[in-house]
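Student: Here it is: the structure, laid out below.
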Amino acid sequence: MLCATASSVLPFTISTSPPTPPQQVKELLTGYEVVIAGTGGGEIAQALHANGDWTDIVPIKGIDIRLKELPGMPAQGSYGQTYSNSLLDDTYARDLTINSMYYNYQTGDIIDYHGGLHDLREHIIRTVYDANTMYPINSSALIRTVRFAARYGFDIDNAITQAIANHMHYCDELQPSLLNYYVTKGFGDGCGKRTFQYYLQYGIIDRYATMLKDYAHNASYTDRIYAALDYIDAHNGGKMGLGIATIFLPCVEDALDSSQPTKENITATWDALEVNSGQKLHFELDDYSGTKTEVMTIWTLYKQITSTATLADDQLTAAIRADKYYPKACLLLGGYAQTDSTLKPFAEYWK
């Protein structure tokens, strides 16, 4: 059976069991445009729909053995197995109710075991099973809970809000660059301002972005960040690296020798800040997804396009405009120019 996570808001996820190679799925799923896409976990098939929605086609998973015999778990199920033939089993491999509904392509039926449709209508985020059980086993689900709430502007169930506070320390066990990746993905959802607000509200910034400890609850800082991210969101610039470049720019500028804003010095300044703040221990920015190179380059270009000396150098100006990260540097400049009038002439020139 081919079926997909169904909602009018979320991307869909098709599940197949036993696992079927993406190319074979493409041949089986008729009536849809199907493409093969690369992901961090390998190739998957994606079905594109007339209304612009897409579906990730992934296997139906079994249930984590650690959940066996815990309260609220099925008495029978594919415990300890990688894959399953049961959609109900697959829901326990997922995190949120809104991500664990299925659409049957043969009948058009929506299969919803955990009230995901209700939660979509009520704009609320709930976990498939008790968050106090889920987060110690799957700490990345805690980050995803906050990220998806931010992505859609939903509220988080009160009990889950308390579970987030009680169990966030389990995220410390994630590899630092992987935790950074999970958090940074939120800035790629096109809602950077809301993502930062939610990350701040639910304690992710305070616990992991320790470089911001003297900034995050300062109104002069947050006003600048909200205005910058709002501008970037409005110009469809919501990308992972650009979000990180935006929220950490004040730290780097405060520590950087302004007479030497080279990429090497900017990188060295960042590296020192990561170590001295303790942020590197749990929230390290590296090239897990190309992010560090991107952020350092955006900051370098930003320093160049906010320098009057650059405007007099035609060769450098041409090189800057040809850089693939130039549009993101311009968005960063435009964002910060919303609250800094000294940047407006540069923003107008480079626009």
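Just remember, in the structure tokens the first chain shown is A, the second B, etc., residues are 1-based per chain, and ligands are 1-based in the order shown.
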Taking 4 positions as the minimum chain separation for residues in the same chain, which residues sit within 6 Å of stretch 207-214 of chain A when counting only C-alpha atoms? Answer as a list of chain:residue names.

Tutor: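 Near neighbours after the sequence-gap exclusion: A:Ser277, A:Gln279, A:Phe283.
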
Student: Considering only C-alpha atoms, return as a list in words whatever protein or nucleic-acid residues lie within 10 Å of A:Ile305, sequence-local ones (same chain, fewer than 3 positions apart) excluded.

Tutor: Trp299, Thr300, Leu301, Tyr302, Thr308, Ala309, Thr310, Leu311, Leu316, Thr317, Ile320, Arg321, Tyr326, Ala329, Cys330, Leu333, Leu343, Phe346, Ala347, Tyr349 and Trp350 of chain A

Student: Generate a file of the selected residues that holds N, CA, C and O atoms, formatted as a PDB file, in the first residue's frame.

Tutor:
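Heads up, here's the output in selection_8.pdb:
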ATOM      1  N   TRP A 299      29.455  36.941   6.275  1.00  0.00           N
ATOM      2  CA  TRP A 299      29.976  38.005   7.142  1.00  0.00           C
ATOM      3  C   TRP A 299      31.103  38.774   6.450  1.00  0.00           C
ATOM      4  O   TRP A 299      31.187  39.998   6.560  1.00  0.00           O
ATOM      5  N   THR A 300      31.980  38.077   5.733  1.00  0.00           N
ATOM      6  CA  THR A 300      33.073  38.747   5.027  1.00  0.00           C
ATOM      7  C   THR A 300      32.528  39.710   3.982  1.00  0.00           C
ATOM      8  O   THR A 300      32.962  40.871   3.883  1.00  0.00           O
ATOM      9  N   LEU A 301      31.570  39.244   3.202  1.00  0.00           N
ATOM     10  CA  LEU A 301      30.954  40.105   2.191  1.00  0.00           C
ATOM     11  C   LEU A 301      30.214  41.277   2.844  1.00  0.00           C
ATOM     12  O   LEU A 301      30.261  42.412   2.340  1.00  0.00           O
ATOM     13  N   TYR A 302      29.552  41.001   3.954  1.00  0.00           N
ATOM     14  CA  TYR A 302      28.828  42.060   4.668  1.00  0.00           C
ATOM     15  C   TYR A 302      29.792  43.168   5.095  1.00  0.00           C
ATOM     16  O   TYR A 302      29.493  44.364   4.945  1.00  0.00           O
ATOM     17  N   THR A 308      33.177  52.041   2.946  1.00  0.00           N
ATOM     18  CA  THR A 308      33.241  53.056   1.884  1.00  0.00           C
ATOM     19  C   THR A 308      34.409  52.789   0.945  1.00  0.00           C
ATOM     20  O   THR A 308      34.349  53.146  -0.239  1.00  0.00           O
ATOM     21  N   ALA A 309      35.459  52.157   1.438  1.00  0.00           N
ATOM     22  CA  ALA A 309      36.610  51.869   0.584  1.00  0.00           C
ATOM     23  C   ALA A 309      36.229  50.923  -0.548  1.00  0.00           C
ATOM     24  O   ALA A 309      36.766  51.029  -1.662  1.00  0.00           O
ATOM     25  N   THR A 310      35.314  50.021  -0.281  1.00  0.00           N
ATOM     26  CA  THR A 310      34.895  49.067  -1.313  1.00  0.00           C
ATOM     27  C   THR A 310      34.232  49.782  -2.478  1.00  0.00           C
ATOM     28  O   THR A 310      34.410  49.398  -3.639  1.00  0.00           O
ATOM     29  N   LEU A 311      33.481  50.826  -2.195  1.00  0.00           N
ATOM     30  CA  LEU A 311      32.739  51.523  -3.237  1.00  0.00           C
ATOM     31  C   LEU A 311      33.662  52.161  -4.266  1.00  0.00           C
ATOM     32  O   LEU A 311      33.255  52.382  -5.420  1.00  0.00           O
ATOM     33  N   LEU A 316      36.969  45.085  -6.999  1.00  0.00           N
ATOM     34  CA  LEU A 316      36.439  44.386  -5.833  1.00  0.00           C
ATOM     35  C   LEU A 316      34.913  44.366  -5.875  1.00  0.00           C
ATOM     36  O   LEU A 316      34.284  43.347  -5.554  1.00  0.00           O
ATOM     37  N   THR A 317      34.316  45.479  -6.271  1.00  0.00           N
ATOM     38  CA  THR A 317      32.853  45.553  -6.364  1.00  0.00           C
ATOM     39  C   THR A 317      32.309  44.498  -7.321  1.00  0.00           C
ATOM     40  O   THR A 317      31.324  43.821  -7.032  1.00  0.00           O
ATOM     41  N   ILE A 320      32.584  41.035  -5.730  1.00  0.00           N
ATOM     42  CA  ILE A 320      31.563  40.842  -4.695  1.00  0.00           C
ATOM     43  C   ILE A 320      30.232  40.482  -5.336  1.00  0.00           C
ATOM     44  O   ILE A 320      29.547  39.540  -4.928  1.00  0.00           O
ATOM     45  N   ARG A 321      29.856  41.214  -6.358  1.00  0.00           N
ATOM     46  CA  ARG A 321      28.571  40.963  -7.011  1.00  0.00           C
ATOM     47  C   ARG A 321      28.522  39.588  -7.670  1.00  0.00           C
ATOM     48  O   ARG A 321      27.450  39.017  -7.849  1.00  0.00           O
ATOM     49  N   TYR A 326      26.601  36.677  -2.355  1.00  0.00           N
ATOM     50  CA  TYR A 326      26.319  38.112  -2.371  1.00  0.00           C
ATOM     51  C   TYR A 326      24.851  38.442  -2.075  1.00  0.00           C
ATOM     52  O   TYR A 326      24.566  39.345  -1.277  1.00  0.00           O
ATOM     53  N   ALA A 329      24.317  38.282   1.622  1.00  0.00           N
ATOM     54  CA  ALA A 329      24.963  39.393   2.313  1.00  0.00           C
ATOM     55  C   ALA A 329      24.127  40.665   2.169  1.00  0.00           C
ATOM     56  O   ALA A 329      24.020  41.458   3.114  1.00  0.00           O
ATOM     57  N   CYS A 330      23.531  40.848   1.001  1.00  0.00           N
ATOM     58  CA  CYS A 330      22.660  42.013   0.788  1.00  0.00           C
ATOM     59  C   CYS A 330      21.418  41.938   1.663  1.00  0.00           C
ATOM     60  O   CYS A 330      20.958  42.963   2.188  1.00  0.00           O
ATOM     61  N   LEU A 333      22.455  42.867   5.131  1.00  0.00           N
ATOM     62  CA  LEU A 333      22.598  44.321   5.188  1.00  0.00           C
ATOM     63  C   LEU A 333      21.237  45.007   5.232  1.00  0.00           C
ATOM     64  O   LEU A 333      20.999  45.897   6.060  1.00  0.00           O
ATOM     65  N   LEU A 343      23.498  52.365   7.938  1.00  0.00           N
ATOM     66  CA  LEU A 343      23.633  51.309   6.941  1.00  0.00           C
ATOM     67  C   LEU A 343      22.747  51.534   5.716  1.00  0.00           C
ATOM     68  O   LEU A 343      22.947  50.891   4.682  1.00  0.00           O
ATOM     69  N   PHE A 346      24.399  52.244   2.271  1.00  0.00           N
ATOM     70  CA  PHE A 346      25.024  51.047   1.704  1.00  0.00           C
ATOM     71  C   PHE A 346      23.971  50.097   1.147  1.00  0.00           C
ATOM     72  O   PHE A 346      24.134  49.519   0.076  1.00  0.00           O
ATOM     73  N   ALA A 347      22.884  49.935   1.901  1.00  0.00           N
ATOM     74  CA  ALA A 347      21.816  49.040   1.451  1.00  0.00           C
ATOM     75  C   ALA A 347      21.228  49.531   0.127  1.00  0.00           C
ATOM     76  O   ALA A 347      20.940  48.733  -0.764  1.00  0.00           O
ATOM     77  N   TYR A 349      22.763  51.400  -2.147  1.00  0.00           N
ATOM     78  CA  TYR A 349      23.764  51.256  -3.206  1.00  0.00           C
ATOM     79  C   TYR A 349      23.825  49.809  -3.709  1.00  0.00           C
ATOM     80  O   TYR A 349      23.805  49.572  -4.942  1.00  0.00           O
ATOM     81  N   TRP A 350      23.892  48.862  -2.807  1.00  0.00           N
ATOM     82  CA  TRP A 350      24.072  47.468  -3.208  1.00  0.00           C
ATOM     83  C   TRP A 350      22.771  46.828  -3.688  1.00  0.00           C
ATOM     84  O   TRP A 350      22.810  45.792  -4.346  1.00  0.00           O
TER      85      TRP A 350
END

Student: Write out as a PyMOL selection string the set of residues from stretch 7-160 of chain A that DSSP, computed on the backbone, places in strand (DSSP E).

Tutor: chain A and resi 12-16+33-39+42-48+54-59+101-104+110-112+124-125+155-156

Student: May I have all residues of stretch 116-347 of chain A that DSSP, computed from the backbone, assigns to helix (DSSP H, G or I), given as a PyMOL selection string?

Tutor: chain A and resi 116-122+131-137+140-152+158-173+176-188+192-201+204-208+210-212+219-234+240-255+263-277+279-281+291-305+308-311+314-322+326-336+341-347

Student: Rank A:Leu249, A:Leu179, A:Ile143, A:Ile156 by their smallest atom-to-atom distance to A:Tyr199, using only C-alpha atoms, and report the top residue only.

Tutor: A:Ile143

Student: Out of A:Thr20, A:Asn132, A:Thr55, A:Thr269, which residue has the shortest atom-to-atom distance to A:Tyr83 when counting only C-alpha atoms?

Tutor: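 The answer is A:Thr20, which sits nearest to A:Tyr83.
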
Student: Point out the residue among A:Tyr336, A:Tyr181, A:Tyr152, A:Tyr325 with the least atom-to-atom distance to A:Tyr226, counting only C-alpha atoms.

Tutor: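 Comparing A:Tyr336, A:Tyr181, A:Tyr152, A:Tyr325 against A:Tyr226, the winner is A:Tyr336.
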